[in-house]
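The data block below is final_9.txt; it holds compact mmCIF, C-alpha atoms.
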# COMPACT_ATOMS: atom_id res chain seq x y z
CA MET A 106 -46.50 -71.57 42.00
CA LYS A 107 -49.83 -70.76 43.57
CA SER A 108 -49.72 -70.47 47.33
CA TRP A 109 -53.00 -72.32 47.93
CA ILE A 110 -51.80 -75.54 46.28
CA ALA A 111 -50.29 -76.85 49.53
CA ASP A 112 -53.62 -76.33 51.31
CA VAL A 113 -55.69 -78.11 48.70
CA ALA A 114 -53.22 -80.91 47.94
CA GLY A 115 -52.57 -81.66 51.60
CA VAL A 116 -56.21 -81.70 52.60
CA SER A 117 -57.23 -83.75 49.54
CA GLY A 118 -54.56 -86.39 50.18
CA ALA A 119 -55.34 -86.63 53.87
CA VAL A 120 -59.10 -86.86 53.39
CA LEU A 121 -58.82 -89.50 50.65
CA ALA A 122 -56.40 -91.59 52.74
CA ALA A 123 -58.62 -91.30 55.83
CA LEU A 124 -61.78 -92.24 53.93
CA CYS A 125 -59.98 -95.19 52.38
CA CYS A 126 -58.88 -96.34 55.86
CA ALA A 127 -62.47 -95.97 57.00
CA GLY A 128 -63.66 -98.17 54.15
CA ASN A 129 -65.63 -95.59 52.16
CA SER A 130 -67.26 -97.64 49.43
CA LEU A 131 -66.67 -95.16 46.57
CA ILE A 132 -62.95 -94.90 47.24
CA VAL A 133 -62.51 -98.63 47.84
CA ALA A 134 -64.42 -99.41 44.62
CA GLY A 135 -62.33 -96.88 42.69
CA LEU A 136 -59.09 -98.42 43.94
CA SER A 137 -60.35 -101.90 43.08
CA ALA A 138 -61.43 -100.84 39.60
CA ALA A 139 -58.02 -99.29 38.96
CA GLY A 140 -56.24 -102.41 40.22
CA LEU A 141 -54.76 -100.55 43.18
CA SER A 142 -56.32 -102.55 46.02
CA PHE A 143 -52.87 -103.16 47.48
CA LEU A 144 -52.80 -99.46 48.48
CA ARG A 145 -55.60 -100.06 50.97
CA ARG A 146 -53.30 -101.07 53.81
CA ASP A 147 -52.81 -99.05 56.97
CA ALA A 148 -49.03 -99.35 56.57
CA ILE A 149 -49.35 -97.28 53.38
CA LEU A 150 -52.33 -95.05 54.17
CA TRP A 151 -51.31 -93.78 57.62
CA PRO A 152 -47.98 -92.29 56.46
CA VAL A 153 -49.68 -90.79 53.40
CA MET A 154 -52.37 -89.24 55.59
CA ILE A 155 -49.87 -87.88 58.12
CA ALA A 156 -47.60 -86.45 55.41
CA SER A 157 -50.61 -84.87 53.67
CA LEU A 158 -51.77 -83.32 56.94
CA GLY A 159 -48.26 -81.95 57.40
CA VAL A 160 -48.38 -80.34 53.95
CA ALA A 161 -51.82 -78.89 54.67
CA LEU A 162 -50.79 -77.46 58.04
CA TRP A 163 -47.65 -76.00 56.45
CA GLY A 164 -49.88 -74.32 53.86
CA PHE A 165 -52.12 -72.92 56.60
CA TRP A 166 -49.02 -71.63 58.42
CA GLN A 167 -47.77 -69.95 55.24
CA GLY A 168 -51.20 -68.37 54.80
CA ARG A 169 -51.15 -67.12 58.37
CA SER A 170 -47.78 -65.46 57.87
CA LEU A 171 -49.24 -63.70 54.81
CA HIS A 172 -52.67 -62.56 56.00
CA ARG A 173 -52.17 -62.68 59.82
CA SER A 174 -55.43 -64.55 60.44
CA SER A 175 -55.07 -67.55 62.73
CA ALA A 176 -58.59 -68.91 62.10
CA PRO A 177 -57.68 -71.21 59.16
CA LEU A 178 -54.63 -72.56 61.03
CA ILE A 179 -56.60 -73.24 64.22
CA LEU A 180 -59.55 -74.80 62.38
CA GLY A 181 -57.19 -76.85 60.20
CA SER A 182 -55.23 -78.06 63.23
CA ALA A 183 -58.42 -79.14 65.00
CA GLY A 184 -59.64 -80.87 61.84
CA ALA A 185 -56.29 -82.63 61.36
CA LEU A 186 -56.31 -83.84 64.95
CA SER A 187 -59.88 -85.13 64.64
CA LEU A 188 -59.18 -86.84 61.31
CA ALA A 189 -56.00 -88.54 62.51
CA ALA A 190 -57.53 -89.61 65.83
CA GLY A 191 -60.58 -90.99 64.03
CA VAL A 192 -58.40 -93.12 61.78
CA ILE A 193 -55.66 -94.21 64.17
CA VAL A 194 -57.05 -94.19 67.74
CA VAL A 195 -60.87 -94.36 67.77
CA HIS A 196 -62.83 -97.20 66.12
CA GLY A 197 -66.46 -97.83 65.23
CA PRO A 198 -69.21 -95.24 64.66
CA PRO A 199 -67.49 -92.52 66.74
CA ALA A 200 -64.47 -92.83 64.44
CA MET A 201 -66.60 -92.13 61.37
CA THR A 202 -68.03 -89.03 63.06
CA MET A 203 -64.51 -87.82 63.85
CA ILE A 204 -63.27 -88.54 60.32
CA TYR A 205 -66.14 -86.76 58.59
CA GLY A 206 -66.04 -83.89 61.09
CA GLY A 207 -62.28 -83.52 60.67
CA ALA A 208 -62.59 -83.61 56.89
CA THR A 209 -65.28 -80.93 56.98
CA ALA A 210 -63.18 -78.74 59.28
CA LEU A 211 -60.17 -79.11 56.98
CA MET A 212 -62.18 -78.16 53.91
CA LEU A 213 -63.62 -75.13 55.68
CA ALA A 214 -60.09 -74.14 56.74
CA VAL A 215 -58.96 -74.27 53.10
CA LEU A 216 -61.85 -72.03 52.07
CA LEU A 217 -61.08 -69.57 54.88
CA ASN A 218 -57.39 -69.54 54.02
CA VAL A 219 -57.96 -68.98 50.30
CA ARG A 220 -60.47 -66.21 51.04
CA ALA A 221 -58.11 -64.50 53.49
CA ARG A 222 -55.26 -64.68 50.95
CA ARG A 223 -57.44 -63.12 48.27
CA LEU A 224 -58.56 -60.33 50.59
CA CYS A 225 -54.95 -59.72 51.57
CA ALA A 226 -53.84 -59.58 47.92
CA THR A 227 -56.71 -57.21 47.10
CA SER A 228 -55.81 -54.85 49.93
CA ILE A 229 -52.14 -54.87 48.87
CA GLU A 230 -53.16 -54.00 45.29
CA ARG A 231 -55.33 -51.13 46.55
CA GLN A 232 -52.52 -49.75 48.70
CA SER A 233 -50.01 -49.82 45.85
CA ALA A 234 -52.39 -48.11 43.40

Output the structure of this file as structure tokens.
Amino acid sequence: MKSWIADVAGVSGAVLAALCCAGNSLIVAGLSAAGLSFLRRDAILWPVMIASLGVALWGFWQGRSLHRSSAPLILGSAGALSLAAGVIVVHGPPAMTMIYGGATALMLAVLLNVRARRLCATSIERQSA
């Protein structure tokens, strides 16, 4: 199994759940078109978002133990905190800023983590050759 799947799956699930909680029109329309409007309840979306953030942070931790770079884990943790606070605690326009900022930070953390894993794998291959 690819090691980056936890990063991507966790971040994707968390961002989609957060944007659905925030009422993003594309996601809400997609759920309605698929007949899944019942999924747009906080009682369903908050646990999905929190579990997805847990998977993503676990993936960042696994990446850190491999490549020894804390940047993706720190950026991902800050993004997760911003995303969750924007959905659960803060309301109104500041919440949207926190949600989109947290989602952006999480996506950047995934890119940093995948890049660091590739560089680590490349350096291991060079050392063994």

Quiz item: Looking at all atoms listed in the file, which of A:Ile110, A:Ala122, A:Ile204, A:Met212 is the one that sits closest to A:Leu188?
Solution: A:Ile204

Quiz item: So how far away is atom CA of A:Asn218 from atom CA of A:Pro177, in Å?
Solution: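 Computed distance, atom CA of A:Pro177 to atom CA of A:Asn218, equals 5.4 Å.
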
Self-check item: Selection as a ChimeraX atom specification: residues within 9 Å of (-63.3, -92.9, 62.0), counting only C-alpha atoms
Solution: /A:123-124,126-127,187-205

Quiz item: Do you know which residues are at most 8 Å from A:Ala214 counting all atoms listed in the file, after dropping those on the same chain fewer than 6 positions away, and could you put them as a PyMOL selection string?
Solution: chain A and resi 176-178+180-181

Exercise. Name all residues at most 12 Å from A:Ile179 (count only C-alpha atoms; drop same-chain ones fewer than 2 positions away) and give them as a list in words.
Key: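 With the cut-off at 12 Å, the set is Leu162, Phe165, Trp166, Gly168, Arg169, Ser174, Ser175, Ala176, Pro177, Gly181, Ser182, Ala183, Gly184, Ala185, Leu186, Ala210, Leu211, Leu213, Ala214, Val215, Leu217 and Asn218 of chain A.
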
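Minimum distance to A:Ile132 across A:Trp163, A:Arg173, A:Asp147, A:Val120 (counting all atoms listed in the file) occurs at A:Val120.
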
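Across the model, the gap from atom CA of A:Trp109 to atom CA of A:Gly164 is 7.0 Å.
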
Exercise. Could you tell me how far atom CA of A:Arg223 lies from atom CA of A:Ile155, in Å and to one decimal?
Key: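 These atoms are spaced 27.7 Å apart.
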